[in-house]
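Okay, entry_16.cif now, which holds mmCIF, N, CA and C atoms:
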data_final
loop_
_atom_site.label_atom_id
_atom_site.label_comp_id
_atom_site.auth_asym_id
_atom_site.auth_seq_id
_atom_site.Cartn_x
_atom_site.Cartn_y
_atom_site.Cartn_z
N MET A 1046 -6.46 10.01 1.99
CA MET A 1046 -6.55 9.29 3.24
C MET A 1046 -7.15 7.91 3.03
N ILE A 1047 -8.10 7.82 2.13
CA ILE A 1047 -8.73 6.52 1.88
C ILE A 1047 -7.73 5.58 1.23
N ALA A 1048 -7.05 6.05 0.19
CA ALA A 1048 -6.07 5.22 -0.51
C ALA A 1048 -4.87 4.89 0.37
N ALA A 1049 -4.58 5.73 1.35
CA ALA A 1049 -3.42 5.49 2.23
C ALA A 1049 -3.58 4.20 3.02
N ARG A 1050 -4.80 3.77 3.26
CA ARG A 1050 -5.02 2.51 3.98
C ARG A 1050 -4.45 1.31 3.24
N PHE A 1051 -4.34 1.41 1.95
CA PHE A 1051 -3.93 0.28 1.14
C PHE A 1051 -2.43 0.26 0.82
N VAL A 1052 -1.68 1.27 1.26
CA VAL A 1052 -0.24 1.35 1.00
C VAL A 1052 0.48 1.46 2.35
N PRO A 1053 1.23 0.42 2.73
CA PRO A 1053 1.79 0.38 4.08
C PRO A 1053 2.61 1.60 4.50
N ILE A 1054 3.53 2.04 3.69
CA ILE A 1054 4.39 3.17 4.08
C ILE A 1054 3.57 4.45 4.17
N ILE A 1055 2.69 4.67 3.23
CA ILE A 1055 1.85 5.88 3.21
C ILE A 1055 0.89 5.88 4.40
N ARG A 1056 0.38 4.72 4.76
CA ARG A 1056 -0.55 4.60 5.87
C ARG A 1056 0.07 5.12 7.17
N THR A 1057 1.37 4.93 7.30
CA THR A 1057 2.07 5.37 8.51
C THR A 1057 2.22 6.89 8.55
N VAL A 1058 2.45 7.51 7.43
CA VAL A 1058 2.75 8.93 7.36
C VAL A 1058 1.50 9.80 7.17
N ALA A 1059 0.43 9.24 6.64
CA ALA A 1059 -0.75 10.01 6.26
C ALA A 1059 -1.34 10.87 7.38
N PRO A 1060 -1.47 10.38 8.60
CA PRO A 1060 -2.04 11.25 9.65
C PRO A 1060 -1.20 12.51 9.91
N PHE A 1061 0.13 12.37 9.85
CA PHE A 1061 0.99 13.53 10.06
C PHE A 1061 0.85 14.53 8.92
N VAL A 1062 0.74 14.02 7.70
CA VAL A 1062 0.58 14.90 6.54
C VAL A 1062 -0.77 15.60 6.61
N ALA A 1063 -1.80 14.89 7.04
CA ALA A 1063 -3.12 15.51 7.17
C ALA A 1063 -3.09 16.63 8.20
N GLY A 1064 -2.38 16.39 9.30
CA GLY A 1064 -2.27 17.43 10.33
C GLY A 1064 -1.45 18.61 9.86
N ALA A 1065 -0.34 18.34 9.21
CA ALA A 1065 0.51 19.41 8.70
C ALA A 1065 -0.19 20.21 7.60
N GLY A 1066 -1.07 19.53 6.86
CA GLY A 1066 -1.81 20.20 5.79
C GLY A 1066 -3.07 20.88 6.27
N SER A 1067 -3.29 20.90 7.58
CA SER A 1067 -4.46 21.56 8.19
C SER A 1067 -5.78 21.00 7.71
N MET A 1068 -5.84 19.69 7.53
CA MET A 1068 -7.11 19.06 7.16
C MET A 1068 -8.08 19.16 8.35
N LYS A 1069 -9.32 19.49 8.07
CA LYS A 1069 -10.33 19.57 9.13
C LYS A 1069 -10.51 18.18 9.75
N TYR A 1070 -10.69 18.18 11.07
CA TYR A 1070 -10.80 16.91 11.77
C TYR A 1070 -12.01 16.11 11.31
N SER A 1071 -13.13 16.77 11.04
CA SER A 1071 -14.33 16.06 10.60
C SER A 1071 -14.09 15.36 9.25
N LYS A 1072 -13.39 16.04 8.37
CA LYS A 1072 -13.06 15.45 7.06
C LYS A 1072 -12.08 14.29 7.23
N TYR A 1073 -11.07 14.50 8.08
CA TYR A 1073 -10.09 13.45 8.37
C TYR A 1073 -10.79 12.21 8.94
N LEU A 1074 -11.67 12.42 9.89
CA LEU A 1074 -12.39 11.31 10.52
C LEU A 1074 -13.25 10.57 9.50
N LEU A 1075 -13.94 11.31 8.64
CA LEU A 1075 -14.76 10.69 7.60
C LEU A 1075 -13.92 9.82 6.68
N PHE A 1076 -12.79 10.35 6.22
CA PHE A 1076 -11.92 9.60 5.33
C PHE A 1076 -11.31 8.38 6.03
N CYS A 1077 -10.98 8.52 7.31
CA CYS A 1077 -10.44 7.38 8.05
C CYS A 1077 -11.47 6.27 8.19
N VAL A 1078 -12.69 6.63 8.51
CA VAL A 1078 -13.75 5.64 8.66
C VAL A 1078 -14.05 4.97 7.32
N LEU A 1079 -14.14 5.76 6.25
CA LEU A 1079 -14.38 5.18 4.93
C LEU A 1079 -13.22 4.28 4.49
N GLY A 1080 -12.01 4.73 4.70
CA GLY A 1080 -10.84 3.95 4.34
C GLY A 1080 -10.76 2.64 5.11
N ALA A 1081 -11.02 2.72 6.42
CA ALA A 1081 -11.00 1.51 7.24
C ALA A 1081 -12.10 0.54 6.82
N SER A 1082 -13.28 1.06 6.53
CA SER A 1082 -14.39 0.20 6.09
C SER A 1082 -14.06 -0.49 4.77
N LEU A 1083 -13.53 0.26 3.83
CA LEU A 1083 -13.14 -0.34 2.54
C LEU A 1083 -12.02 -1.37 2.73
N TRP A 1084 -11.05 -1.07 3.58
CA TRP A 1084 -9.93 -1.96 3.84
C TRP A 1084 -10.43 -3.29 4.42
N VAL A 1085 -11.24 -3.22 5.44
CA VAL A 1085 -11.75 -4.43 6.10
C VAL A 1085 -12.65 -5.21 5.15
N THR A 1086 -13.55 -4.53 4.46
CA THR A 1086 -14.46 -5.21 3.54
C THR A 1086 -13.70 -5.88 2.40
N THR A 1087 -12.76 -5.16 1.82
CA THR A 1087 -11.99 -5.71 0.70
C THR A 1087 -11.21 -6.95 1.12
N LEU A 1088 -10.52 -6.87 2.24
CA LEU A 1088 -9.70 -8.01 2.67
C LEU A 1088 -10.55 -9.19 3.13
N THR A 1089 -11.67 -8.91 3.77
CA THR A 1089 -12.54 -9.99 4.21
C THR A 1089 -13.14 -10.73 3.02
N VAL A 1090 -13.64 -9.99 2.05
CA VAL A 1090 -14.23 -10.61 0.85
C VAL A 1090 -13.16 -11.36 0.06
N ALA A 1091 -11.98 -10.76 -0.08
CA ALA A 1091 -10.89 -11.43 -0.79
C ALA A 1091 -10.48 -12.70 -0.07
N GLY A 1092 -10.38 -12.65 1.25
CA GLY A 1092 -10.04 -13.84 2.03
C GLY A 1092 -11.08 -14.93 1.90
N TYR A 1093 -12.33 -14.55 1.87
CA TYR A 1093 -13.41 -15.53 1.75
C TYR A 1093 -13.32 -16.26 0.41
N PHE A 1094 -13.17 -15.51 -0.67
CA PHE A 1094 -13.15 -16.13 -1.99
C PHE A 1094 -11.82 -16.82 -2.29
N LEU A 1095 -10.71 -16.23 -1.89
CA LEU A 1095 -9.41 -16.84 -2.17
C LEU A 1095 -9.09 -18.00 -1.24
N GLY A 1096 -9.69 -18.00 -0.05
CA GLY A 1096 -9.43 -19.06 0.91
C GLY A 1096 -9.93 -20.42 0.46
N SER A 1097 -10.91 -20.44 -0.38
CA SER A 1097 -11.45 -21.72 -0.87
C SER A 1097 -10.81 -22.13 -2.20
N ASN A 1098 -9.94 -21.31 -2.73
CA ASN A 1098 -9.27 -21.60 -4.00
C ASN A 1098 -8.08 -22.52 -3.75
N GLU A 1099 -8.06 -23.66 -4.40
CA GLU A 1099 -7.00 -24.66 -4.19
C GLU A 1099 -5.63 -24.14 -4.61
N TRP A 1100 -5.56 -23.40 -5.70
CA TRP A 1100 -4.28 -22.88 -6.17
C TRP A 1100 -3.68 -21.94 -5.13
N VAL A 1101 -4.52 -21.11 -4.52
CA VAL A 1101 -4.05 -20.18 -3.50
C VAL A 1101 -3.55 -20.95 -2.28
N LYS A 1102 -4.23 -22.01 -1.90
CA LYS A 1102 -3.80 -22.82 -0.76
C LYS A 1102 -2.42 -23.43 -1.00
N VAL A 1103 -2.19 -23.90 -2.20
CA VAL A 1103 -0.92 -24.55 -2.52
C VAL A 1103 0.22 -23.53 -2.61
N HIS A 1104 -0.04 -22.35 -3.14
CA HIS A 1104 1.00 -21.35 -3.39
C HIS A 1104 0.91 -20.15 -2.43
N PHE A 1105 0.42 -20.37 -1.23
CA PHE A 1105 0.17 -19.27 -0.29
C PHE A 1105 1.45 -18.47 0.03
N GLU A 1106 2.56 -19.16 0.24
CA GLU A 1106 3.80 -18.48 0.58
C GLU A 1106 4.25 -17.56 -0.56
N LYS A 1107 4.11 -18.03 -1.78
CA LYS A 1107 4.50 -17.22 -2.94
C LYS A 1107 3.61 -15.98 -3.05
N ILE A 1108 2.35 -16.13 -2.75
CA ILE A 1108 1.42 -15.01 -2.82
C ILE A 1108 1.78 -13.96 -1.77
N VAL A 1109 2.08 -14.40 -0.56
CA VAL A 1109 2.46 -13.46 0.50
C VAL A 1109 3.75 -12.73 0.13
N LEU A 1110 4.73 -13.45 -0.36
CA LEU A 1110 5.98 -12.82 -0.78
C LEU A 1110 5.75 -11.84 -1.93
N GLY A 1111 4.84 -12.18 -2.84
CA GLY A 1111 4.50 -11.28 -3.94
C GLY A 1111 3.86 -10.00 -3.43
N ILE A 1112 2.99 -10.11 -2.45
CA ILE A 1112 2.34 -8.93 -1.87
C ILE A 1112 3.38 -8.04 -1.20
N VAL A 1113 4.30 -8.65 -0.47
CA VAL A 1113 5.35 -7.88 0.19
C VAL A 1113 6.22 -7.19 -0.86
N PHE A 1114 6.58 -7.90 -1.92
CA PHE A 1114 7.41 -7.33 -2.98
C PHE A 1114 6.70 -6.15 -3.65
N VAL A 1115 5.43 -6.31 -3.97
CA VAL A 1115 4.67 -5.23 -4.61
C VAL A 1115 4.56 -4.02 -3.67
N SER A 1116 4.45 -4.28 -2.37
CA SER A 1116 4.36 -3.17 -1.41
C SER A 1116 5.65 -2.36 -1.37
N PHE A 1117 6.79 -3.04 -1.52
CA PHE A 1117 8.07 -2.35 -1.47
C PHE A 1117 8.54 -1.86 -2.83
N MET A 1118 7.83 -2.18 -3.88
CA MET A 1118 8.25 -1.82 -5.23
C MET A 1118 8.44 -0.32 -5.44
N PRO A 1119 7.54 0.56 -4.97
CA PRO A 1119 7.79 2.00 -5.17
C PRO A 1119 9.09 2.47 -4.52
N MET A 1120 9.39 1.94 -3.34
CA MET A 1120 10.61 2.33 -2.66
C MET A 1120 11.84 1.81 -3.42
N ILE A 1121 11.77 0.59 -3.91
CA ILE A 1121 12.87 0.01 -4.67
C ILE A 1121 13.10 0.82 -5.95
N MET A 1122 12.00 1.16 -6.63
CA MET A 1122 12.12 1.94 -7.87
C MET A 1122 12.74 3.31 -7.60
N HIS A 1123 12.39 3.92 -6.49
CA HIS A 1123 12.94 5.23 -6.13
C HIS A 1123 14.45 5.13 -5.90
N VAL A 1124 14.88 4.11 -5.17
CA VAL A 1124 16.31 3.93 -4.90
C VAL A 1124 17.07 3.69 -6.20
N VAL A 1125 16.55 2.84 -7.07
CA VAL A 1125 17.21 2.56 -8.35
C VAL A 1125 17.26 3.82 -9.20
N GLN A 1126 16.17 4.58 -9.21
CA GLN A 1126 16.13 5.81 -9.98
C GLN A 1126 17.17 6.81 -9.48
N LYS A 1127 17.31 6.93 -8.17
CA LYS A 1127 18.31 7.84 -7.60
C LYS A 1127 19.73 7.39 -7.95
N LYS A 1128 19.97 6.09 -7.93
CA LYS A 1128 21.30 5.58 -8.29
C LYS A 1128 21.61 5.88 -9.76
N LEU A 1129 20.62 5.68 -10.62
CA LEU A 1129 20.83 5.96 -12.05
C LEU A 1129 21.07 7.45 -12.28
N GLN A 1130 20.35 8.30 -11.57
CA GLN A 1130 20.55 9.73 -11.70
C GLN A 1130 21.94 10.13 -11.23
N LYS A 1131 22.39 9.52 -10.16
CA LYS A 1131 23.71 9.83 -9.61
C LYS A 1131 24.80 9.41 -10.59
N ASN A 1132 24.63 8.25 -11.21
CA ASN A 1132 25.62 7.74 -12.16
C ASN A 1132 25.66 8.54 -13.46
N THR A 1133 24.50 8.98 -13.93
CA THR A 1133 24.45 9.69 -15.20
C THR A 1133 24.56 11.19 -15.03
N GLY A 1134 24.29 11.69 -13.83
CA GLY A 1134 24.36 13.14 -13.58
C GLY A 1134 23.17 13.88 -14.12
N VAL A 1135 22.12 13.17 -14.53
CA VAL A 1135 20.92 13.78 -15.08
C VAL A 1135 19.89 13.94 -13.96
N LYS A 1136 19.32 15.14 -13.86
CA LYS A 1136 18.28 15.37 -12.86
C LYS A 1136 16.92 15.17 -13.50
N GLN A 1137 16.03 14.56 -12.72
CA GLN A 1137 14.67 14.33 -13.23
C GLN A 1137 13.73 15.33 -12.57
N LEU A 1138 12.68 15.72 -13.28
CA LEU A 1138 11.70 16.66 -12.73
C LEU A 1138 10.90 16.05 -11.65
#
Using the file provided, produce a representation of the structure as structure tokens.
Amino acid sequence: MIAARFVPIIRTVAPFVAGAGSMKYSKYLLFCVLGASLWVTTLTVAGYFLGSNEWVKVHFEKIVLGIVFVSFMPMIMHVVQKKLQKNTGVKQL
């Protein structure tokens, strides 16, 4: 639950998985609060230090596009892997 805060697709599905997995509400709430605290602290500190960096200011658009690309990378890799499996007929564990 804590790590789910940092992965956009997982963050959306995590509460449903926690409910389906019968996670205790107190444990779920603790992990949500810890995850949210880490998320806010990490991004605030990163914004503070990176916001004053001249290179980041100049290349901000590239950095945002890079973050979006990295976020979608697991999904892209999965699609490519499925296509390769379909073409070769080999099943992966």
Write out as a VMD selection string the set of residues from chain A that DSSP, computed on the backbone, places in alpha helix (DSSP H). chain A and resid 1053 to 1065 1070 to 1096 1099 to 1103 1105 to 1133
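Proximity ranking of A:Leu1129, A:Ala1048, A:Ile1054, A:Val1115 relative to A:Leu1079 places A:Ala1048 first, based on only C-alpha atoms.
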What does the structure give for the distance between atom CA of A:Ser1116 and atom CA of A:Phe1051, in Å to one decimal? 9.3 Å
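Interatomic distance, atom C of A:Gln1126 against atom N of A:Leu1110: 25.5 Å.
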List the spatial neighbours of A:Ile1055 as a compact mmCIF listing (two decimals) with N, CA and C atoms, keeping the file's coordinate frame - criterion: any atom at most 12 Å away, only C-alpha atoms, same-chain residues fewer than 4 positions off excluded.
# COMPACT_ATOMS: atom_id res chain seq x y z
N MET A 1046 -6.46 10.01 1.99
CA MET A 1046 -6.55 9.29 3.24
C MET A 1046 -7.15 7.91 3.03
N ILE A 1047 -8.10 7.82 2.13
CA ILE A 1047 -8.73 6.52 1.88
C ILE A 1047 -7.73 5.58 1.23
N ALA A 1048 -7.05 6.05 0.19
CA ALA A 1048 -6.07 5.22 -0.51
C ALA A 1048 -4.87 4.89 0.37
N ALA A 1049 -4.58 5.73 1.35
CA ALA A 1049 -3.42 5.49 2.23
C ALA A 1049 -3.58 4.20 3.02
N ARG A 1050 -4.80 3.77 3.26
CA ARG A 1050 -5.02 2.51 3.98
C ARG A 1050 -4.45 1.31 3.24
N PHE A 1051 -4.34 1.41 1.95
CA PHE A 1051 -3.93 0.28 1.14
C PHE A 1051 -2.43 0.26 0.82
N ALA A 1059 0.43 9.24 6.64
CA ALA A 1059 -0.75 10.01 6.26
C ALA A 1059 -1.34 10.87 7.38
N PRO A 1060 -1.47 10.38 8.60
CA PRO A 1060 -2.04 11.25 9.65
C PRO A 1060 -1.20 12.51 9.91
N PHE A 1061 0.13 12.37 9.85
CA PHE A 1061 0.99 13.53 10.06
C PHE A 1061 0.85 14.53 8.92
N VAL A 1062 0.74 14.02 7.70
CA VAL A 1062 0.58 14.90 6.54
C VAL A 1062 -0.77 15.60 6.61
N ALA A 1063 -1.80 14.89 7.04
CA ALA A 1063 -3.12 15.51 7.17
C ALA A 1063 -3.09 16.63 8.20
N SER A 1116 4.45 -4.28 -2.37
CA SER A 1116 4.36 -3.17 -1.41
C SER A 1116 5.65 -2.36 -1.37
N PHE A 1117 6.79 -3.04 -1.52
CA PHE A 1117 8.07 -2.35 -1.47
C PHE A 1117 8.54 -1.86 -2.83
N PRO A 1119 7.54 0.56 -4.97
CA PRO A 1119 7.79 2.00 -5.17
C PRO A 1119 9.09 2.47 -4.52
N MET A 1120 9.39 1.94 -3.34
CA MET A 1120 10.61 2.33 -2.66
C MET A 1120 11.84 1.81 -3.42
Separation of atom N of A:Val1101 and atom C of A:Ser1082, in Å? 24.5 Å
Can you take the partial stretch 1098-1112 of chain A, add N, CA, C and O atoms, and return it as a JSON list (two decimals), in the coordinates of the input?
[["chain", "number", "residue", "atom", "x", "y", "z"],
["A", 1098, "ASN", "N", -9.94, -21.31, -2.73],
["A", 1098, "ASN", "CA", -9.27, -21.60, -4.00],
["A", 1098, "ASN", "C", -8.08, -22.52, -3.75],
["A", 1098, "ASN", "O", -7.18, -22.20, -2.98],
["A", 1099, "GLU", "N", -8.06, -23.66, -4.40],
["A", 1099, "GLU", "CA", -7.00, -24.66, -4.19],
["A", 1099, "GLU", "C", -5.63, -24.14, -4.61],
["A", 1099, "GLU", "O", -4.63, -24.40, -3.94],
["A", 1100, "TRP", "N", -5.56, -23.40, -5.70],
["A", 1100, "TRP", "CA", -4.28, -22.88, -6.17],
["A", 1100, "TRP", "C", -3.68, -21.94, -5.13],
["A", 1100, "TRP", "O", -2.49, -21.96, -4.87],
["A", 1101, "VAL", "N", -4.52, -21.11, -4.52],
["A", 1101, "VAL", "CA", -4.05, -20.18, -3.50],
["A", 1101, "VAL", "C", -3.55, -20.95, -2.28],
["A", 1101, "VAL", "O", -2.52, -20.59, -1.69],
["A", 1102, "LYS", "N", -4.23, -22.01, -1.90],
["A", 1102, "LYS", "CA", -3.80, -22.82, -0.76],
["A", 1102, "LYS", "C", -2.42, -23.43, -1.00],
["A", 1102, "LYS", "O", -1.58, -23.45, -0.11],
["A", 1103, "VAL", "N", -2.19, -23.90, -2.20],
["A", 1103, "VAL", "CA", -0.92, -24.55, -2.52],
["A", 1103, "VAL", "C", 0.22, -23.53, -2.61],
["A", 1103, "VAL", "O", 1.34, -23.80, -2.18],
["A", 1104, "HIS", "N", -0.04, -22.35, -3.14],
["A", 1104, "HIS", "CA", 1.00, -21.35, -3.39],
["A", 1104, "HIS", "C", 0.91, -20.15, -2.43],
["A", 1104, "HIS", "O", 1.32, -19.05, -2.77],
["A", 1105, "PHE", "N", 0.42, -20.37, -1.23],
["A", 1105, "PHE", "CA", 0.17, -19.27, -0.29],
["A", 1105, "PHE", "C", 1.45, -18.47, 0.03],
["A", 1105, "PHE", "O", 1.43, -17.25, 0.06],
["A", 1106, "GLU", "N", 2.56, -19.16, 0.24],
["A", 1106, "GLU", "CA", 3.80, -18.48, 0.58],
["A", 1106, "GLU", "C", 4.25, -17.56, -0.56],
["A", 1106, "GLU", "O", 4.71, -16.44, -0.32],
["A", 1107, "LYS", "N", 4.11, -18.03, -1.78],
["A", 1107, "LYS", "CA", 4.50, -17.22, -2.94],
["A", 1107, "LYS", "C", 3.61, -15.98, -3.05],
["A", 1107, "LYS", "O", 4.09, -14.90, -3.41],
["A", 1108, "ILE", "N", 2.35, -16.13, -2.75],
["A", 1108, "ILE", "CA", 1.42, -15.01, -2.82],
["A", 1108, "ILE", "C", 1.78, -13.96, -1.77],
["A", 1108, "ILE", "O", 1.82, -12.76, -2.06],
["A", 1109, "VAL", "N", 2.08, -14.40, -0.56],
["A", 1109, "VAL", "CA", 2.46, -13.46, 0.50],
["A", 1109, "VAL", "C", 3.75, -12.73, 0.13],
["A", 1109, "VAL", "O", 3.85, -11.51, 0.28],
["A", 1110, "LEU", "N", 4.73, -13.45, -0.36],
["A", 1110, "LEU", "CA", 5.98, -12.82, -0.78],
["A", 1110, "LEU", "C", 5.75, -11.84, -1.93],
["A", 1110, "LEU", "O", 6.37, -10.77, -1.99],
["A", 1111, "GLY", "N", 4.84, -12.18, -2.84],
["A", 1111, "GLY", "CA", 4.50, -11.28, -3.94],
["A", 1111, "GLY", "C", 3.86, -10.00, -3.43],
["A", 1111, "GLY", "O", 4.17, -8.91, -3.91],
["A", 1112, "ILE", "N", 2.99, -10.11, -2.45],
["A", 1112, "ILE", "CA", 2.34, -8.93, -1.87],
["A", 1112, "ILE", "C", 3.38, -8.04, -1.20],
["A", 1112, "ILE", "O", 3.36, -6.81, -1.35]]
